[in-house]
$ cat query-v2.tsv   # TSV, N, CA, C and O atoms
chain	number	residue	atom	x	y	z
A	1	MET	N	0.66	11.58	43.97
A	1	MET	CA	-0.08	12.52	43.13
A	1	MET	C	-1.41	12.83	43.81
A	1	MET	O	-2.06	11.94	44.35
A	2	THR	N	-1.82	14.07	43.70
A	2	THR	CA	-3.12	14.42	44.23
A	2	THR	C	-4.19	13.96	43.24
A	2	THR	O	-3.88	13.53	42.12
A	3	TYR	N	-5.43	14.09	43.65
A	3	TYR	CA	-6.53	13.67	42.77
A	3	TYR	C	-6.56	14.51	41.50
A	3	TYR	O	-6.75	13.98	40.40
A	4	LEU	N	-6.35	15.82	41.62
A	4	LEU	CA	-6.38	16.68	40.44
A	4	LEU	C	-5.24	16.36	39.48
A	4	LEU	O	-5.42	16.38	38.26
A	5	GLN	N	-4.05	16.08	40.01
A	5	GLN	CA	-2.93	15.71	39.15
A	5	GLN	C	-3.20	14.38	38.46
A	5	GLN	O	-2.92	14.22	37.26
A	6	THR	N	-3.75	13.44	39.19
A	6	THR	CA	-4.10	12.15	38.60
A	6	THR	C	-5.15	12.32	37.51
A	6	THR	O	-5.04	11.74	36.43
A	7	PHE	N	-6.14	13.14	37.79
A	7	PHE	CA	-7.18	13.39	36.81
A	7	PHE	C	-6.60	14.04	35.55
A	7	PHE	O	-6.91	13.64	34.43
A	8	ARG	N	-5.74	15.02	35.74
A	8	ARG	CA	-5.19	15.78	34.62
A	8	ARG	C	-4.21	14.95	33.78
A	8	ARG	O	-4.20	15.05	32.55
A	9	HIS	N	-3.37	14.17	34.42
A	9	HIS	CA	-2.29	13.48	33.70
A	9	HIS	C	-2.61	12.04	33.34
A	9	HIS	O	-1.94	11.47	32.46
A	10	VAL	N	-3.60	11.43	33.96
A	10	VAL	CA	-3.89	10.02	33.69
A	10	VAL	C	-5.29	9.83	33.11
A	10	VAL	O	-5.46	9.28	32.03
A	11	ILE	N	-6.28	10.28	33.85
A	11	ILE	CA	-7.67	9.99	33.47
A	11	ILE	C	-8.11	10.80	32.25
A	11	ILE	O	-8.68	10.24	31.30
A	12	LEU	N	-7.89	12.10	32.26
A	12	LEU	CA	-8.37	12.96	31.18
A	12	LEU	C	-7.78	12.61	29.81
A	12	LEU	O	-8.53	12.53	28.83
A	13	PRO	N	-6.47	12.38	29.69
A	13	PRO	CA	-5.95	11.99	28.36
A	13	PRO	C	-6.57	10.70	27.82
A	13	PRO	O	-6.86	10.60	26.64
A	14	GLN	N	-6.77	9.73	28.71
A	14	GLN	CA	-7.38	8.47	28.26
A	14	GLN	C	-8.83	8.67	27.86
A	14	GLN	O	-9.29	8.12	26.85
A	15	ALA	N	-9.55	9.46	28.63
A	15	ALA	CA	-10.96	9.71	28.32
A	15	ALA	C	-11.11	10.49	27.02
A	15	ALA	O	-11.99	10.19	26.20
A	16	LEU	N	-10.26	11.48	26.81
A	16	LEU	CA	-10.34	12.26	25.57
A	16	LEU	C	-9.99	11.41	24.35
A	16	LEU	O	-10.63	11.53	23.31
A	17	ARG	N	-8.97	10.57	24.49
A	17	ARG	CA	-8.57	9.74	23.37
A	17	ARG	C	-9.70	8.82	22.92
A	17	ARG	O	-9.89	8.56	21.75
A	18	VAL	N	-10.49	8.35	23.87
A	18	VAL	CA	-11.58	7.44	23.55
A	18	VAL	C	-12.82	8.20	23.07
A	18	VAL	O	-13.54	7.74	22.19
A	19	SER	N	-13.06	9.39	23.61
A	19	SER	CA	-14.32	10.07	23.34
A	19	SER	C	-14.28	11.06	22.17
A	19	SER	O	-15.32	11.37	21.60
A	20	VAL	N	-13.11	11.56	21.80
A	20	VAL	CA	-13.05	12.58	20.75
A	20	VAL	C	-13.50	12.06	19.38
A	20	VAL	O	-14.28	12.73	18.70
A	21	PRO	N	-13.05	10.90	18.89
A	21	PRO	CA	-13.51	10.48	17.57
A	21	PRO	C	-15.02	10.36	17.41
A	21	PRO	O	-15.58	10.91	16.45
A	22	PRO	N	-15.75	9.69	18.33
A	22	PRO	CA	-17.20	9.64	18.15
A	22	PRO	C	-17.87	11.00	18.27
A	22	PRO	O	-18.81	11.30	17.53
A	23	LEU	N	-17.38	11.83	19.19
A	23	LEU	CA	-17.99	13.15	19.35
A	23	LEU	C	-17.75	14.04	18.14
A	23	LEU	O	-18.64	14.76	17.70
A	24	SER	N	-16.54	14.00	17.59
A	24	SER	CA	-16.28	14.83	16.42
A	24	SER	C	-17.02	14.31	15.19
A	24	SER	O	-17.48	15.10	14.36
A	25	ASN	N	-17.17	12.99	15.06
A	25	ASN	CA	-17.98	12.45	13.96
A	25	ASN	C	-19.44	12.89	14.10
A	25	ASN	O	-20.10	13.21	13.10
A	26	THR	N	-19.93	12.91	15.32
A	26	THR	CA	-21.29	13.37	15.55
A	26	THR	C	-21.43	14.84	15.19
A	26	THR	O	-22.42	15.26	14.59
A	27	PHE	N	-20.43	15.64	15.54
A	27	PHE	CA	-20.47	17.06	15.21
A	27	PHE	C	-20.45	17.29	13.71
A	27	PHE	O	-21.20	18.12	13.18
A	28	ILE	N	-19.62	16.55	12.99
A	28	ILE	CA	-19.57	16.69	11.54
A	28	ILE	C	-20.89	16.24	10.92
A	28	ILE	O	-21.41	16.88	9.99
A	29	SER	N	-21.48	15.18	11.44
A	29	SER	CA	-22.80	14.75	10.96
A	29	SER	C	-23.86	15.81	11.25
A	29	SER	O	-24.78	16.01	10.46
A	30	LEU	N	-23.72	16.47	12.38
A	30	LEU	CA	-24.65	17.55	12.71
A	30	LEU	C	-24.59	18.65	11.66
A	30	LEU	O	-25.61	19.13	11.20
A	31	VAL	N	-23.39	19.02	11.28
A	31	VAL	CA	-23.24	20.07	10.27
A	31	VAL	C	-23.79	19.62	8.93
A	31	VAL	O	-24.45	20.38	8.23
A	32	LYS	N	-23.56	18.36	8.58
A	32	LYS	CA	-23.98	17.87	7.27
A	32	LYS	C	-25.47	17.55	7.20
A	32	LYS	O	-26.12	17.85	6.20
A	33	ASP	N	-26.01	16.92	8.23
A	33	ASP	CA	-27.31	16.27	8.08
A	33	ASP	C	-28.49	16.93	8.77
A	33	ASP	O	-29.60	16.83	8.28
A	34	THR	N	-28.31	17.51	9.91
A	34	THR	CA	-29.47	17.95	10.67
A	34	THR	C	-30.19	19.10	10.02
A	34	THR	O	-29.62	19.91	9.31
A	35	SER	N	-31.43	19.20	10.32
A	35	SER	CA	-32.24	20.24	9.70
A	35	SER	C	-31.87	21.62	10.23
A	35	SER	O	-31.92	22.60	9.50
A	36	LEU	N	-31.47	21.70	11.49
A	36	LEU	CA	-31.08	23.00	12.04
A	36	LEU	C	-29.84	23.52	11.35
A	36	LEU	O	-29.80	24.67	10.90
A	37	ALA	N	-28.80	22.69	11.25
A	37	ALA	CA	-27.58	23.12	10.59
A	37	ALA	C	-27.83	23.37	9.11
A	37	ALA	O	-27.32	24.33	8.54
A	38	SER	N	-28.62	22.51	8.49
A	38	SER	CA	-28.93	22.71	7.08
A	38	SER	C	-29.75	23.97	6.87
A	38	SER	O	-29.53	24.70	5.90
A	39	LEU	N	-30.66	24.22	7.78
A	39	LEU	CA	-31.48	25.42	7.66
A	39	LEU	C	-30.64	26.68	7.77
A	39	LEU	O	-30.78	27.60	6.98
A	40	VAL	N	-29.73	26.69	8.69
A	40	VAL	CA	-28.91	27.88	8.90
A	40	VAL	C	-27.83	27.98	7.85
A	40	VAL	O	-27.66	29.02	7.21
A	41	LEU	N	-27.06	26.90	7.65
A	41	LEU	CA	-25.88	26.97	6.80
A	41	LEU	C	-26.23	26.87	5.31
A	41	LEU	O	-25.94	27.77	4.55
A	42	VAL	N	-26.86	25.79	4.93
A	42	VAL	CA	-27.09	25.54	3.51
A	42	VAL	C	-28.12	26.50	2.94
A	42	VAL	O	-27.92	27.06	1.86
A	43	THR	N	-29.20	26.72	3.65
A	43	THR	CA	-30.24	27.60	3.13
A	43	THR	C	-29.71	29.02	2.98
A	43	THR	O	-29.96	29.67	1.96
A	44	GLU	N	-28.98	29.49	3.97
A	44	GLU	CA	-28.43	30.84	3.89
A	44	GLU	C	-27.40	30.94	2.78
A	44	GLU	O	-27.36	31.92	2.03
A	45	LEU	N	-26.57	29.91	2.64
A	45	LEU	CA	-25.55	29.91	1.60
A	45	LEU	C	-26.19	29.93	0.21
A	45	LEU	O	-25.82	30.74	-0.65
A	46	PHE	N	-27.17	29.07	0.00
A	46	PHE	CA	-27.79	29.02	-1.32
A	46	PHE	C	-28.74	30.20	-1.57
A	46	PHE	O	-28.98	30.57	-2.71
A	47	LYS	N	-29.27	30.79	-0.52
A	47	LYS	CA	-30.07	32.01	-0.70
A	47	LYS	C	-29.19	33.14	-1.21
A	47	LYS	O	-29.57	33.88	-2.11
A	48	GLN	N	-27.99	33.26	-0.63
A	48	GLN	CA	-27.05	34.27	-1.12
A	48	GLN	C	-26.63	33.98	-2.56
A	48	GLN	O	-26.49	34.90	-3.36
A	49	ALA	N	-26.44	32.71	-2.87
A	49	ALA	CA	-26.10	32.33	-4.24
A	49	ALA	C	-27.24	32.69	-5.19
A	49	ALA	O	-27.00	33.15	-6.31
A	50	GLN	N	-28.47	32.52	-4.75
A	50	GLN	CA	-29.62	32.86	-5.58
A	50	GLN	C	-29.69	34.37	-5.81
A	50	GLN	O	-30.00	34.82	-6.92
A	51	ILE	N	-29.38	35.14	-4.78
A	51	ILE	CA	-29.39	36.60	-4.93
A	51	ILE	C	-28.32	37.05	-5.92
A	51	ILE	O	-28.56	37.90	-6.78
A	52	ILE	N	-27.13	36.47	-5.82
A	52	ILE	CA	-26.05	36.82	-6.74
A	52	ILE	C	-26.39	36.38	-8.16
A	52	ILE	O	-26.14	37.10	-9.13
A	53	THR	N	-26.98	35.20	-8.29
A	53	THR	CA	-27.36	34.69	-9.61
A	53	THR	C	-28.41	35.58	-10.27
A	53	THR	O	-28.39	35.76	-11.49
A	54	ALA	N	-29.30	36.14	-9.48
A	54	ALA	CA	-30.34	37.01	-10.05
A	54	ALA	C	-29.72	38.26	-10.67
A	54	ALA	O	-30.29	38.84	-11.60
A	55	ARG	N	-28.57	38.67	-10.15
A	55	ARG	CA	-27.91	39.86	-10.69
A	55	ARG	C	-27.14	39.59	-11.97
A	55	ARG	O	-27.14	40.40	-12.88
A	56	ASN	N	-26.41	38.45	-12.01
A	56	ASN	CA	-25.51	38.27	-13.16
A	56	ASN	C	-25.83	37.05	-14.03
A	56	ASN	O	-25.14	36.80	-14.99
A	57	TYR	N	-26.83	36.26	-13.70
A	57	TYR	CA	-27.31	35.13	-14.51
A	57	TYR	C	-26.25	34.06	-14.78
A	57	TYR	O	-26.27	33.42	-15.81
A	58	GLU	N	-25.31	33.88	-13.87
A	58	GLU	CA	-24.31	32.81	-14.00
A	58	GLU	C	-24.62	31.74	-12.97
A	58	GLU	O	-23.99	31.66	-11.92
A	59	PHE	N	-25.60	30.92	-13.29
A	59	PHE	CA	-26.10	29.93	-12.35
A	59	PHE	C	-25.05	28.89	-11.96
A	59	PHE	O	-24.81	28.63	-10.79
A	60	MET	N	-24.44	28.28	-12.96
A	60	MET	CA	-23.52	27.18	-12.70
A	60	MET	C	-22.32	27.62	-11.87
A	60	MET	O	-21.93	26.95	-10.93
A	61	LEU	N	-21.75	28.75	-12.19
A	61	LEU	CA	-20.58	29.24	-11.48
A	61	LEU	C	-20.90	29.55	-10.02
A	61	LEU	O	-20.18	29.13	-9.11
A	62	VAL	N	-22.00	30.23	-9.79
A	62	VAL	CA	-22.36	30.65	-8.43
A	62	VAL	C	-22.72	29.44	-7.57
A	62	VAL	O	-22.26	29.32	-6.42
A	63	TYR	N	-23.52	28.53	-8.09
A	63	TYR	CA	-23.90	27.35	-7.31
A	63	TYR	C	-22.72	26.41	-7.10
A	63	TYR	O	-22.63	25.75	-6.07
A	64	THR	N	-21.82	26.34	-8.05
A	64	THR	CA	-20.61	25.54	-7.86
A	64	THR	C	-19.75	26.13	-6.75
A	64	THR	O	-19.22	25.41	-5.91
A	65	GLU	N	-19.62	27.45	-6.75
A	65	GLU	CA	-18.86	28.09	-5.68
A	65	GLU	C	-19.52	27.87	-4.32
A	65	GLU	O	-18.84	27.63	-3.32
A	66	ALA	N	-20.83	27.94	-4.27
A	66	ALA	CA	-21.54	27.70	-3.01
A	66	ALA	C	-21.33	26.26	-2.53
A	66	ALA	O	-21.12	26.02	-1.34
A	67	ALA	N	-21.35	25.31	-3.45
A	67	ALA	CA	-21.11	23.92	-3.09
A	67	ALA	C	-19.68	23.72	-2.58
A	67	ALA	O	-19.46	22.99	-1.61
A	68	PHE	N	-18.72	24.40	-3.20
A	68	PHE	CA	-17.34	24.30	-2.74
A	68	PHE	C	-17.14	24.93	-1.36
A	68	PHE	O	-16.34	24.45	-0.57
A	69	ILE	N	-17.86	25.99	-1.07
A	69	ILE	CA	-17.78	26.59	0.26
A	69	ILE	C	-18.31	25.61	1.30
A	69	ILE	O	-17.69	25.40	2.35
A	70	TYR	N	-19.44	24.99	1.03
A	70	TYR	CA	-20.00	24.01	1.95
A	70	TYR	C	-19.07	22.82	2.10
A	70	TYR	O	-18.82	22.33	3.21
A	71	TRP	N	-18.51	22.35	1.01
A	71	TRP	CA	-17.55	21.25	1.04
A	71	TRP	C	-16.31	21.64	1.84
A	71	TRP	O	-15.77	20.84	2.60
A	72	GLY	N	-15.86	22.88	1.68
A	72	GLY	CA	-14.71	23.37	2.42
A	72	GLY	C	-14.95	23.39	3.92
A	72	GLY	O	-14.05	23.07	4.71
A	73	ILE	N	-16.14	23.76	4.32
A	73	ILE	CA	-16.47	23.76	5.75
A	73	ILE	C	-16.40	22.35	6.30
A	73	ILE	O	-15.81	22.11	7.36
A	74	CYS	N	-16.98	21.40	5.59
A	74	CYS	CA	-16.94	20.00	6.05
A	74	CYS	C	-15.52	19.46	6.03
A	74	CYS	O	-15.10	18.73	6.95
A	75	LEU	N	-14.73	19.82	5.03
A	75	LEU	CA	-13.34	19.38	4.95
A	75	LEU	C	-12.51	19.96	6.09
A	75	LEU	O	-11.68	19.27	6.69
A	76	PHE	N	-12.75	21.22	6.43
A	76	PHE	CA	-12.05	21.86	7.53
A	76	PHE	C	-12.35	21.16	8.85
A	76	PHE	O	-11.44	20.90	9.64
A	77	LEU	N	-13.60	20.84	9.09
A	77	LEU	CA	-13.97	20.14	10.32
A	77	LEU	C	-13.32	18.76	10.38
A	77	LEU	O	-12.86	18.32	11.45
A	78	THR	N	-13.26	18.07	9.26
A	78	THR	CA	-12.61	16.76	9.21
A	78	THR	C	-11.11	16.88	9.47
A	78	THR	O	-10.52	16.06	10.17
A	79	PHE	N	-10.48	17.93	8.93
A	79	PHE	CA	-9.06	18.16	9.15
A	79	PHE	C	-8.77	18.43	10.62
A	79	PHE	O	-7.82	17.88	11.19
A	80	ILE	N	-9.59	19.25	11.25
A	80	ILE	CA	-9.42	19.55	12.67
A	80	ILE	C	-9.59	18.27	13.50
A	80	ILE	O	-8.84	18.02	14.44
A	81	GLN	N	-10.55	17.45	13.13
A	81	GLN	CA	-10.76	16.18	13.84
A	81	GLN	C	-9.52	15.30	13.72
A	81	GLN	O	-9.06	14.70	14.70
A	82	GLY	N	-8.94	15.20	12.55
A	82	GLY	CA	-7.75	14.38	12.36
A	82	GLY	C	-6.56	14.88	13.17
A	82	GLY	O	-5.83	14.10	13.77
A	83	LYS	N	-6.37	16.21	13.18
A	83	LYS	CA	-5.28	16.78	13.96
A	83	LYS	C	-5.48	16.52	15.45
A	83	LYS	O	-4.52	16.20	16.16
A	84	LEU	N	-6.71	16.65	15.92
A	84	LEU	CA	-6.99	16.42	17.33
A	84	LEU	C	-6.76	14.96	17.70
A	84	LEU	O	-6.18	14.66	18.75
A	85	GLU	N	-7.19	14.05	16.84
A	85	GLU	CA	-6.96	12.63	17.10
A	85	GLU	C	-5.47	12.30	17.09
A	85	GLU	O	-5.00	11.51	17.91
A	86	THR	N	-4.71	12.91	16.18
A	86	THR	CA	-3.27	12.68	16.14
A	86	THR	C	-2.60	13.20	17.40
A	86	THR	O	-1.74	12.55	17.98
A	87	ARG	N	-3.03	14.36	17.84
A	87	ARG	CA	-2.45	14.93	19.07
A	87	ARG	C	-2.78	14.06	20.28
A	87	ARG	O	-1.94	13.86	21.15
A	88	LEU	N	-3.99	13.56	20.35
A	88	LEU	CA	-4.37	12.72	21.48
A	88	LEU	C	-3.75	11.33	21.40
A	88	LEU	O	-3.66	10.63	22.40
A	89	ASP	N	-3.30	10.94	20.22
A	89	ASP	CA	-2.70	9.62	20.04
A	89	ASP	C	-1.31	9.54	20.68
A	89	ASP	O	-0.78	8.46	20.87
A	90	ARG	N	-0.73	10.67	21.01
A	90	ARG	CA	0.60	10.66	21.61
A	90	ARG	C	0.59	10.04	23.00
A	90	ARG	O	1.62	9.69	23.53
A	91	TYR	N	-0.59	9.95	23.63
A	91	TYR	CA	-0.69	9.36	24.95
A	91	TYR	C	-0.77	7.84	24.94
A	91	TYR	O	-0.76	7.20	25.97
A	92	VAL	N	-0.82	7.25	23.75
A	92	VAL	CA	-0.94	5.81	23.63
A	92	VAL	C	0.45	5.19	23.61
A	92	VAL	O	1.31	5.60	22.82
A	93	ALA	N	0.68	4.21	24.45
A	93	ALA	CA	1.96	3.52	24.45
A	93	ALA	C	2.04	2.62	23.22
A	93	ALA	O	1.11	1.89	22.91
A	94	LYS	N	3.16	2.68	22.54
A	94	LYS	CA	3.29	1.89	21.31
A	94	LYS	C	4.44	0.93	21.43
A	94	LYS	O	5.36	1.03	22.11

$ encode --input "query-v2.tsv" --output "structure tokens"
Amino acid sequence: MTYLQTFRHVILPQALRVSVPPLSNTFISLVKDTSLASLVLVTELFKQAQIITARNYEFMLVYTEAAFIYWGICLFLTFIQGKLETRLDRYVAK
């Protein structure tokens, strides 16, 4: 095998299997916790909810929907992480 074939078929699958879970957890934490992601995502989401609420005065419904959208984004990222880990798990001898 050449170096590139060895890298592609041996080294890279092992490295990805080890590195994907911590990296994806860090990414999900970034979306949930950091001020930059919160500033862009949560503030913008709740600002739009506030604008809609000012028009129709249904506070609970609009803010609940905004919370579900944010929850859906985090759930989607977690789902993608699980699928990626499952796919990378096929390289593990059992």

$ atom_distance --input "query-v2.tsv" --atom1 "atom CA of Cys74 of chain A" --atom2 "atom CA of Leu16 of chain A"
22.0 Å

$ residues_around --input "query-v2.tsv" --residues "segment 19-22 of chain A" --least-positions-apart "5" --cutoff "8 Å" --atoms "all atoms listed in the file" --output "compact mmCIF listing (two decimals) with N, CA, C and O atoms, keeping the file's coordinate frame"
# COMPACT_ATOMS: atom_id res chain seq x y z
N LEU A 12 -7.89 12.10 32.26
CA LEU A 12 -8.37 12.96 31.18
C LEU A 12 -7.78 12.61 29.81
O LEU A 12 -8.53 12.53 28.83
N PRO A 13 -6.47 12.38 29.69
CA PRO A 13 -5.95 11.99 28.36
C PRO A 13 -6.57 10.70 27.82
O PRO A 13 -6.86 10.60 26.64
N GLN A 14 -6.77 9.73 28.71
CA GLN A 14 -7.38 8.47 28.26
C GLN A 14 -8.83 8.67 27.86
O GLN A 14 -9.29 8.12 26.85
N PHE A 27 -20.43 15.64 15.54
CA PHE A 27 -20.47 17.06 15.21
C PHE A 27 -20.45 17.29 13.71
O PHE A 27 -21.20 18.12 13.18
N ILE A 28 -19.62 16.55 12.99
CA ILE A 28 -19.57 16.69 11.54
C ILE A 28 -20.89 16.24 10.92
O ILE A 28 -21.41 16.88 9.99
N SER A 29 -21.48 15.18 11.44
CA SER A 29 -22.80 14.75 10.96
C SER A 29 -23.86 15.81 11.25
O SER A 29 -24.78 16.01 10.46
N GLN A 81 -10.55 17.45 13.13
CA GLN A 81 -10.76 16.18 13.84
C GLN A 81 -9.52 15.30 13.72
O GLN A 81 -9.06 14.70 14.70
N LEU A 84 -6.71 16.65 15.92
CA LEU A 84 -6.99 16.42 17.33
C LEU A 84 -6.76 14.96 17.70
O LEU A 84 -6.18 14.66 18.75
N GLU A 85 -7.19 14.05 16.84
CA GLU A 85 -6.96 12.63 17.10
C GLU A 85 -5.47 12.30 17.09
O GLU A 85 -5.00 11.51 17.91

$ residues_near_point --input "query-v2.tsv" --point "(-18.1, 23.0, 1.7)" --cutoff "12 Å" --atoms "only C-alpha atoms" --output "list in words"
Ile28, Val31, Lys32, Leu41, Val42, Leu45, Phe46, Tyr63, Thr64, Glu65, Ala66, Ala67, Phe68, Ile69, Tyr70, Trp71, Gly72, Ile73, Cys74, Leu75, Phe76, Leu77 and Thr78 of chain A

$ atom_distance --input "query-v2.tsv" --atom1 "atom CA of Ala49 of chain A" --atom2 "atom N of Val62 of chain A"
7.2 Å

$ residues_around --input "query-v2.tsv" --residues "Arg17 of chain A" --least-positions-apart "6" --cutoff "12 Å" --atoms "only C-alpha atoms" --output "list in words"
Val10, Ile11, Leu23, Ser24, Gln81, Gly82, Leu84, Glu85, Thr86, Arg87, Leu88, Asp89, Arg90, Tyr91 and Val92 of chain A

$ axis_aligned_box --input "query-v2.tsv" --around "segment 10-28 of chain A" --padding-each-side "8 Å" --output "lines of an AutoDock Vina configuration file"
center_x = -13.0
center_y = 12.8
center_z = 22.0
size_x = 34.8
size_y = 26.7
size_z = 40.0

$ atom_distance --input "query-v2.tsv" --atom1 "atom CA of Met60 of chain A" --atom2 "atom C of Leu30 of chain A"
25.8 Å

$ decode --input "query-v2.tsv" --residues "segment 70-79 of chain A" --atoms "all heavy atoms" --output "PDB file, in the first residue's frame"
ATOM      1  N   TYR A  70     -35.316  26.239  19.159  1.00  0.00           N
ATOM      2  CA  TYR A  70     -33.962  26.137  19.704  1.00  0.00           C
ATOM      3  C   TYR A  70     -33.673  24.710  20.144  1.00  0.00           C
ATOM      4  O   TYR A  70     -32.602  24.165  19.873  1.00  0.00           O
ATOM      5  CB  TYR A  70     -33.810  27.109  20.873  1.00  0.00           C
ATOM      6  CG  TYR A  70     -32.418  27.163  21.437  1.00  0.00           C
ATOM      7  CD1 TYR A  70     -31.379  27.711  20.707  1.00  0.00           C
ATOM      8  CD2 TYR A  70     -32.135  26.651  22.692  1.00  0.00           C
ATOM      9  CE1 TYR A  70     -30.093  27.758  21.215  1.00  0.00           C
ATOM     10  CE2 TYR A  70     -30.857  26.690  23.210  1.00  0.00           C
ATOM     11  CZ  TYR A  70     -29.844  27.246  22.459  1.00  0.00           C
ATOM     12  OH  TYR A  70     -28.587  27.283  22.962  1.00  0.00           O
ATOM     13  N   TRP A  71     -34.620  24.073  20.799  1.00  0.00           N
ATOM     14  CA  TRP A  71     -34.471  22.682  21.213  1.00  0.00           C
ATOM     15  C   TRP A  71     -34.315  21.773  20.000  1.00  0.00           C
ATOM     16  O   TRP A  71     -33.519  20.834  20.012  1.00  0.00           O
ATOM     17  CB  TRP A  71     -35.677  22.267  22.049  1.00  0.00           C
ATOM     18  CG  TRP A  71     -35.660  20.849  22.479  1.00  0.00           C
ATOM     19  CD1 TRP A  71     -34.873  20.294  23.431  1.00  0.00           C
ATOM     20  CD2 TRP A  71     -36.475  19.797  21.977  1.00  0.00           C
ATOM     21  NE1 TRP A  71     -35.153  18.952  23.554  1.00  0.00           N
ATOM     22  CE2 TRP A  71     -36.136  18.625  22.669  1.00  0.00           C
ATOM     23  CE3 TRP A  71     -37.474  19.730  21.004  1.00  0.00           C
ATOM     24  CZ2 TRP A  71     -36.743  17.404  22.421  1.00  0.00           C
ATOM     25  CZ3 TRP A  71     -38.075  18.513  20.766  1.00  0.00           C
ATOM     26  CH2 TRP A  71     -37.709  17.373  21.464  1.00  0.00           C
ATOM     27  N   GLY A  72     -35.067  22.051  18.945  1.00  0.00           N
ATOM     28  CA  GLY A  72     -34.968  21.265  17.724  1.00  0.00           C
ATOM     29  C   GLY A  72     -33.598  21.366  17.077  1.00  0.00           C
ATOM     30  O   GLY A  72     -33.070  20.372  16.559  1.00  0.00           O
ATOM     31  N   ILE A  73     -33.017  22.540  17.103  1.00  0.00           N
ATOM     32  CA  ILE A  73     -31.672  22.712  16.550  1.00  0.00           C
ATOM     33  C   ILE A  73     -30.672  21.872  17.329  1.00  0.00           C
ATOM     34  O   ILE A  73     -29.849  21.161  16.747  1.00  0.00           O
ATOM     35  CB  ILE A  73     -31.274  24.202  16.552  1.00  0.00           C
ATOM     36  CG1 ILE A  73     -32.116  24.969  15.533  1.00  0.00           C
ATOM     37  CG2 ILE A  73     -29.790  24.380  16.268  1.00  0.00           C
ATOM     38  CD1 ILE A  73     -32.008  26.464  15.642  1.00  0.00           C
ATOM     39  N   CYS A  74     -30.744  21.924  18.649  1.00  0.00           N
ATOM     40  CA  CYS A  74     -29.827  21.123  19.476  1.00  0.00           C
ATOM     41  C   CYS A  74     -30.086  19.633  19.294  1.00  0.00           C
ATOM     42  O   CYS A  74     -29.142  18.836  19.228  1.00  0.00           O
ATOM     43  CB  CYS A  74     -29.978  21.505  20.944  1.00  0.00           C
ATOM     44  SG  CYS A  74     -29.448  23.192  21.281  1.00  0.00           S
ATOM     45  N   LEU A  75     -31.343  19.229  19.177  1.00  0.00           N
ATOM     46  CA  LEU A  75     -31.680  17.826  18.962  1.00  0.00           C
ATOM     47  C   LEU A  75     -31.168  17.341  17.610  1.00  0.00           C
ATOM     48  O   LEU A  75     -30.645  16.229  17.495  1.00  0.00           O
ATOM     49  CB  LEU A  75     -33.188  17.630  19.067  1.00  0.00           C
ATOM     50  CG  LEU A  75     -33.695  16.202  19.031  1.00  0.00           C
ATOM     51  CD1 LEU A  75     -33.214  15.456  20.273  1.00  0.00           C
ATOM     52  CD2 LEU A  75     -35.197  16.186  18.958  1.00  0.00           C
ATOM     53  N   PHE A  76     -31.276  18.171  16.586  1.00  0.00           N
ATOM     54  CA  PHE A  76     -30.786  17.823  15.261  1.00  0.00           C
ATOM     55  C   PHE A  76     -29.274  17.608  15.281  1.00  0.00           C
ATOM     56  O   PHE A  76     -28.768  16.635  14.706  1.00  0.00           O
ATOM     57  CB  PHE A  76     -31.159  18.920  14.257  1.00  0.00           C
ATOM     58  CG  PHE A  76     -30.591  18.696  12.888  1.00  0.00           C
ATOM     59  CD1 PHE A  76     -31.105  17.715  12.065  1.00  0.00           C
ATOM     60  CD2 PHE A  76     -29.538  19.470  12.439  1.00  0.00           C
ATOM     61  CE1 PHE A  76     -30.577  17.501  10.804  1.00  0.00           C
ATOM     62  CE2 PHE A  76     -29.002  19.272  11.184  1.00  0.00           C
ATOM     63  CZ  PHE A  76     -29.524  18.279  10.358  1.00  0.00           C
ATOM     64  N   LEU A  77     -28.554  18.488  15.937  1.00  0.00           N
ATOM     65  CA  LEU A  77     -27.100  18.336  16.036  1.00  0.00           C
ATOM     66  C   LEU A  77     -26.720  17.065  16.781  1.00  0.00           C
ATOM     67  O   LEU A  77     -25.770  16.360  16.398  1.00  0.00           O
ATOM     68  CB  LEU A  77     -26.484  19.555  16.715  1.00  0.00           C
ATOM     69  CG  LEU A  77     -26.527  20.849  15.909  1.00  0.00           C
ATOM     70  CD1 LEU A  77     -26.043  22.013  16.761  1.00  0.00           C
ATOM     71  CD2 LEU A  77     -25.700  20.727  14.646  1.00  0.00           C
ATOM     72  N   THR A  78     -27.457  16.738  17.828  1.00  0.00           N
ATOM     73  CA  THR A  78     -27.201  15.513  18.576  1.00  0.00           C
ATOM     74  C   THR A  78     -27.492  14.281  17.727  1.00  0.00           C
ATOM     75  O   THR A  78     -26.754  13.295  17.761  1.00  0.00           O
ATOM     76  CB  THR A  78     -28.055  15.487  19.855  1.00  0.00           C
ATOM     77  OG1 THR A  78     -27.799  16.671  20.603  1.00  0.00           O
ATOM     78  CG2 THR A  78     -27.751  14.277  20.714  1.00  0.00           C
ATOM     79  N   PHE A  79     -28.558  14.330  16.924  1.00  0.00           N
ATOM     80  CA  PHE A  79     -28.901  13.229  16.036  1.00  0.00           C
ATOM     81  C   PHE A  79     -27.809  13.003  14.990  1.00  0.00           C
ATOM     82  O   PHE A  79     -27.404  11.869  14.737  1.00  0.00           O
ATOM     83  CB  PHE A  79     -30.241  13.529  15.349  1.00  0.00           C
ATOM     84  CG  PHE A  79     -30.641  12.496  14.342  1.00  0.00           C
ATOM     85  CD1 PHE A  79     -31.123  11.271  14.749  1.00  0.00           C
ATOM     86  CD2 PHE A  79     -30.544  12.761  12.995  1.00  0.00           C
ATOM     87  CE1 PHE A  79     -31.502  10.316  13.822  1.00  0.00           C
ATOM     88  CE2 PHE A  79     -30.909  11.817  12.051  1.00  0.00           C
ATOM     89  CZ  PHE A  79     -31.394  10.589  12.469  1.00  0.00           C
TER      90      PHE A  79
END
